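Here the structure comes first, spelled out in structure tokens, and everything after it is commentary.
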Amino acid sequence: MLNLCEKKQSLCVFPHILYPILSVKTDSYCRYIFCYLSLMKWEEVNMNEKTIKYSVSCEGIGLHSGKRSSVFFHPAPAGWGIVFVKKVRNRLIYIKAESKNVVSTEFATNLGLNGEKIGTVEHVLAAIRGLEIDNILVEVQGDEIPVMDGSAYPFVELLLSAGFQLSDKPRKRYLLKKNIMWGDFN
């Protein structure tokens with residue numbers, strides 16, 4: 001039986017749509033009920049792809065390697081996607097931010113291709129998706145992204161300082177054909 005006297009409402013951001021999450025206490029379990037409620041008017045949502053206007057960069061220490069590394073964010077053309085690039089022995093390795101390129105998730109999310117990897121990409125990806133950037137080139141000098149303050153916030157601030165540029169290309173839209181449920185359903 002649901003105990004609705006302990007309701008808490010918070011927001012969860014998914015690409016292009018905001019959903020409230022209603023947390024409801026049930027006996028000794030906490031369940032999440034996902035309700036579709038758009039908080040933005042359809043007309044206000046820009047449905048064209050977005051990149052940054054100017055290149056920006058930061059540097060710091062890698063959390064797991066302890067080595068200095070730098071990250072440069074560059075504008076990318078429409079349809080490019082989110083791509084990481086790393087220079088290895090005078091050649092460039094391009095790694096698209098796709099699930100098939102995730103090589104490990106132990107302690108951090110690491111992307112890789114052909115034996116080369118870039119570590120601790122999760123905070124950069126959170127900042128990029130949170131700002132709804134569709135196309136960007138992330139150049140990494142080092143083996144992993146610098147930890148900064150341990151959150152996505154420094155990357156959000158950095159990307160905001162670069163400004164945004166909209167393309168003429170419409171964003172890909174994904175249509176859910178059936179309900180997707182996720183949570184603890186004990």
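Residues are named by chain letter and number: chains run A, B, ... in the order of the structure tokens, numbers start at 1 in each chain, and ligands are numbered from 1 in the order shown.
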
List every residue of region 16-180 of chain A that DSSP, applied to the backbone, labels as strand (DSSP E or B), and write the result as a VMD selection string. chain A and resid 17 to 26 29 to 34 48 to 52 56 to 62 68 to 75 82 to 88 91 to 96 102 to 104 110 to 113 116 to 119 136 to 141 144 146 164 to 170

Identify, on the basis of only C-alpha atoms, every residue whose closest approach to Ile82 (chain A) does not exceed 10 Å; exclude the query and any residue fewer than 3 positions from it along the same chain; express the result as an mmCIF file with all heavy atoms, in the first residue's frame.
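Output (selection_24.cif):
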data_model
loop_
_atom_site.group_PDB
_atom_site.id
_atom_site.type_symbol
_atom_site.label_atom_id
_atom_site.label_comp_id
_atom_site.auth_asym_id
_atom_site.auth_seq_id
_atom_site.Cartn_x
_atom_site.Cartn_y
_atom_site.Cartn_z
ATOM 1 N N THR A 51 26.203 23.389 -31.354
ATOM 2 C CA THR A 51 27.615 23.216 -31.012
ATOM 3 C C THR A 51 28.048 24.453 -30.234
ATOM 4 O O THR A 51 27.238 25.340 -29.964
ATOM 5 C CB THR A 51 28.485 23.002 -32.269
ATOM 6 O OG1 THR A 51 29.821 22.643 -31.850
ATOM 7 C CG2 THR A 51 28.558 24.239 -33.153
ATOM 8 N N ALA A 76 32.066 21.765 -33.717
ATOM 9 C CA ALA A 76 32.053 20.697 -34.727
ATOM 10 C C ALA A 76 30.873 20.928 -35.664
ATOM 11 O O ALA A 76 29.867 21.524 -35.280
ATOM 12 C CB ALA A 76 31.930 19.332 -34.044
ATOM 13 N N GLY A 79 25.881 17.137 -37.551
ATOM 14 C CA GLY A 79 25.958 15.714 -37.828
ATOM 15 C C GLY A 79 27.216 15.040 -37.315
ATOM 16 O O GLY A 79 27.364 13.821 -37.418
ATOM 17 N N ILE A 95 37.480 8.941 -31.191
ATOM 18 C CA ILE A 95 36.602 8.002 -30.492
ATOM 19 C C ILE A 95 35.242 8.672 -30.306
ATOM 20 O O ILE A 95 35.125 9.650 -29.566
ATOM 21 C CB ILE A 95 37.184 7.593 -29.124
ATOM 22 C CG1 ILE A 95 38.604 7.043 -29.281
ATOM 23 C CG2 ILE A 95 36.273 6.583 -28.443
ATOM 24 C CD1 ILE A 95 39.323 6.807 -27.963
ATOM 25 N N LYS A 96 34.253 8.146 -30.985
ATOM 26 C CA LYS A 96 32.895 8.683 -30.871
ATOM 27 C C LYS A 96 32.302 8.277 -29.518
ATOM 28 O O LYS A 96 32.518 7.160 -29.061
ATOM 29 C CB LYS A 96 32.045 8.142 -32.013
ATOM 30 C CG LYS A 96 30.990 9.095 -32.484
ATOM 31 C CD LYS A 96 30.484 8.651 -33.847
ATOM 32 C CE LYS A 96 29.304 9.423 -34.311
ATOM 33 N NZ LYS A 96 29.402 10.813 -34.466
ATOM 34 N N ALA A 97 31.593 9.203 -28.894
ATOM 35 C CA ALA A 97 30.965 8.926 -27.599
ATOM 36 C C ALA A 97 29.714 8.093 -27.829
ATOM 37 O O ALA A 97 28.601 8.592 -27.881
ATOM 38 C CB ALA A 97 30.627 10.224 -26.880
ATOM 39 N N GLU A 98 29.921 6.792 -27.980
ATOM 40 C CA GLU A 98 28.836 5.834 -28.196
ATOM 41 C C GLU A 98 29.050 4.656 -27.260
ATOM 42 O O GLU A 98 30.184 4.329 -26.908
ATOM 43 C CB GLU A 98 28.828 5.347 -29.650
ATOM 44 C CG GLU A 98 28.532 6.431 -30.650
ATOM 45 C CD GLU A 98 28.584 5.935 -32.092
ATOM 46 O OE1 GLU A 98 29.207 4.876 -32.349
ATOM 47 O OE2 GLU A 98 28.014 6.617 -32.943
ATOM 48 N N LEU A 125 30.833 14.366 -20.403
ATOM 49 C CA LEU A 125 29.625 13.966 -21.129
ATOM 50 C C LEU A 125 28.368 14.487 -20.447
ATOM 51 O O LEU A 125 27.410 14.889 -21.119
ATOM 52 C CB LEU A 125 29.564 12.447 -21.282
ATOM 53 C CG LEU A 125 30.575 11.858 -22.261
ATOM 54 C CD1 LEU A 125 30.529 10.343 -22.225
ATOM 55 C CD2 LEU A 125 30.323 12.368 -23.672
ATOM 56 N N ILE A 128 28.076 18.143 -21.427
ATOM 57 C CA ILE A 128 27.693 18.279 -22.842
ATOM 58 C C ILE A 128 26.220 17.956 -23.037
ATOM 59 O O ILE A 128 25.482 18.708 -23.685
ATOM 60 C CB ILE A 128 28.598 17.388 -23.727
ATOM 61 C CG1 ILE A 128 30.028 17.944 -23.748
ATOM 62 C CG2 ILE A 128 28.040 17.269 -25.137
ATOM 63 C CD1 ILE A 128 31.056 17.004 -24.355
ATOM 64 N N ARG A 129 25.759 16.849 -22.484
ATOM 65 C CA ARG A 129 24.348 16.473 -22.654
ATOM 66 C C ARG A 129 23.424 17.411 -21.886
ATOM 67 O O ARG A 129 22.342 17.754 -22.345
ATOM 68 C CB ARG A 129 24.104 15.023 -22.218
ATOM 69 C CG ARG A 129 24.640 13.987 -23.155
ATOM 70 C CD ARG A 129 24.270 14.161 -24.629
ATOM 71 N NE ARG A 129 22.860 14.408 -24.857
ATOM 72 C CZ ARG A 129 22.388 15.189 -25.823
ATOM 73 N NH1 ARG A 129 23.196 15.794 -26.651
ATOM 74 N NH2 ARG A 129 21.103 15.372 -25.955
ATOM 75 N N ILE A 133 24.277 19.975 -26.114
ATOM 76 C CA ILE A 133 25.220 20.144 -27.220
ATOM 77 C C ILE A 133 25.228 18.856 -28.023
ATOM 78 O O ILE A 133 25.447 17.784 -27.472
ATOM 79 C CB ILE A 133 26.635 20.489 -26.695
ATOM 80 C CG1 ILE A 133 26.598 21.822 -25.945
ATOM 81 C CG2 ILE A 133 27.638 20.518 -27.833
ATOM 82 C CD1 ILE A 133 27.875 22.146 -25.211
ATOM 83 N N ASP A 134 24.989 18.965 -29.313
ATOM 84 C CA ASP A 134 24.905 17.792 -30.178
ATOM 85 C C ASP A 134 26.220 17.462 -30.860
ATOM 86 O O ASP A 134 26.508 16.300 -31.130
ATOM 87 C CB ASP A 134 23.849 18.014 -31.269
ATOM 88 C CG ASP A 134 22.492 18.307 -30.679
ATOM 89 O OD1 ASP A 134 21.883 17.372 -30.139
ATOM 90 O OD2 ASP A 134 22.055 19.471 -30.736
ATOM 91 N N ASN A 135 26.995 18.496 -31.190
ATOM 92 C CA ASN A 135 28.215 18.315 -31.987
ATOM 93 C C ASN A 135 29.369 19.043 -31.323
ATOM 94 O O ASN A 135 29.312 20.264 -31.124
ATOM 95 C CB ASN A 135 27.997 18.869 -33.399
ATOM 96 C CG ASN A 135 26.807 18.232 -34.075
ATOM 97 O OD1 ASN A 135 26.778 17.024 -34.264
ATOM 98 N ND2 ASN A 135 25.809 19.031 -34.410
ATOM 99 N N ILE A 136 30.416 18.293 -30.978
ATOM 100 C CA ILE A 136 31.579 18.900 -30.331
ATOM 101 C C ILE A 136 32.774 17.960 -30.486
ATOM 102 O O ILE A 136 32.629 16.739 -30.497
ATOM 103 C CB ILE A 136 31.296 19.195 -28.842
ATOM 104 C CG1 ILE A 136 32.377 20.088 -28.241
ATOM 105 C CG2 ILE A 136 31.081 17.926 -28.051
ATOM 106 C CD1 ILE A 136 31.976 20.716 -26.913
ATOM 107 N N LEU A 137 33.938 18.543 -30.632
ATOM 108 C CA LEU A 137 35.186 17.786 -30.678
ATOM 109 C C LEU A 137 35.906 18.032 -29.358
ATOM 110 O O LEU A 137 36.181 19.177 -29.002
ATOM 111 C CB LEU A 137 36.049 18.237 -31.849
ATOM 112 C CG LEU A 137 37.391 17.532 -32.009
ATOM 113 C CD1 LEU A 137 37.186 16.058 -32.322
ATOM 114 C CD2 LEU A 137 38.214 18.189 -33.087
ATOM 115 N N VAL A 138 36.171 16.960 -28.620
ATOM 116 C CA VAL A 138 36.832 17.044 -27.321
ATOM 117 C C VAL A 138 38.244 16.491 -27.481
ATOM 118 O O VAL A 138 38.437 15.282 -27.581
ATOM 119 C CB VAL A 138 36.055 16.249 -26.242
ATOM 120 C CG1 VAL A 138 36.712 16.420 -24.886
ATOM 121 C CG2 VAL A 138 34.593 16.666 -26.205
#

Write out as a list in words the residues lying within 8 Å of region 107-117 of chain A, counting only C-alpha atoms and excluding same-chain residues fewer than 4 positions away.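 The neighbour list is Ile93, Ile95, Ala97, Asn101, Val102, Val103, Val121, Glu122 and Asp143 of chain A.
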
Which value, in Å to one decimal, gives the distance between CA of Lys50 (chain A) and CA of Tyr94 (chain A)?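 Pair CA of Lys50 (chain A) / CA of Tyr94 (chain A) returns 20.1 Å.
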
For Ile52 (chain A), which residue out of A:Ala162, A:Ile145, A:Ala152, A:Met181 is the nearest one, using only C-alpha atoms?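 For Ile52 (chain A), the nearest of the candidates is A:Ala162.
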
Glu157 (chain A): which residues within 12 Å, counting only C-alpha atoms, same-chain residues fewer than 6 positions away excluded, as a PyMOL selection string? chain A and resi 56-58+124+127-128+130-131+148+151+163

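The space separating CA of Phe84 (chain A) from CA of Gln141 (chain A) comes to 10.6 Å.
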
d(CA of Glu106 (chain A), CA of Gly119 (chain A)) in Å: 10.5 Å

Find, counting only C-alpha atoms, the residue in A:Val88, A:Gly183, A:Lys178, A:Phe72 that gets nearest to Leu159 (chain A). A:Phe72

Could you please write out, as a PyMOL selection string, every residue of region 79-158 of chain A that DSSP assigns to alpha helix (DSSP H)? chain A and resi 122-130+153-158

Got a sec: who's within 12 Å of Asp149 (chain A), counting only C-alpha atoms, leaving out chain neighbours fewer than 3 positions off, as a PyMOL selection string? chain A and resi 59-63+123+145-146+152-155
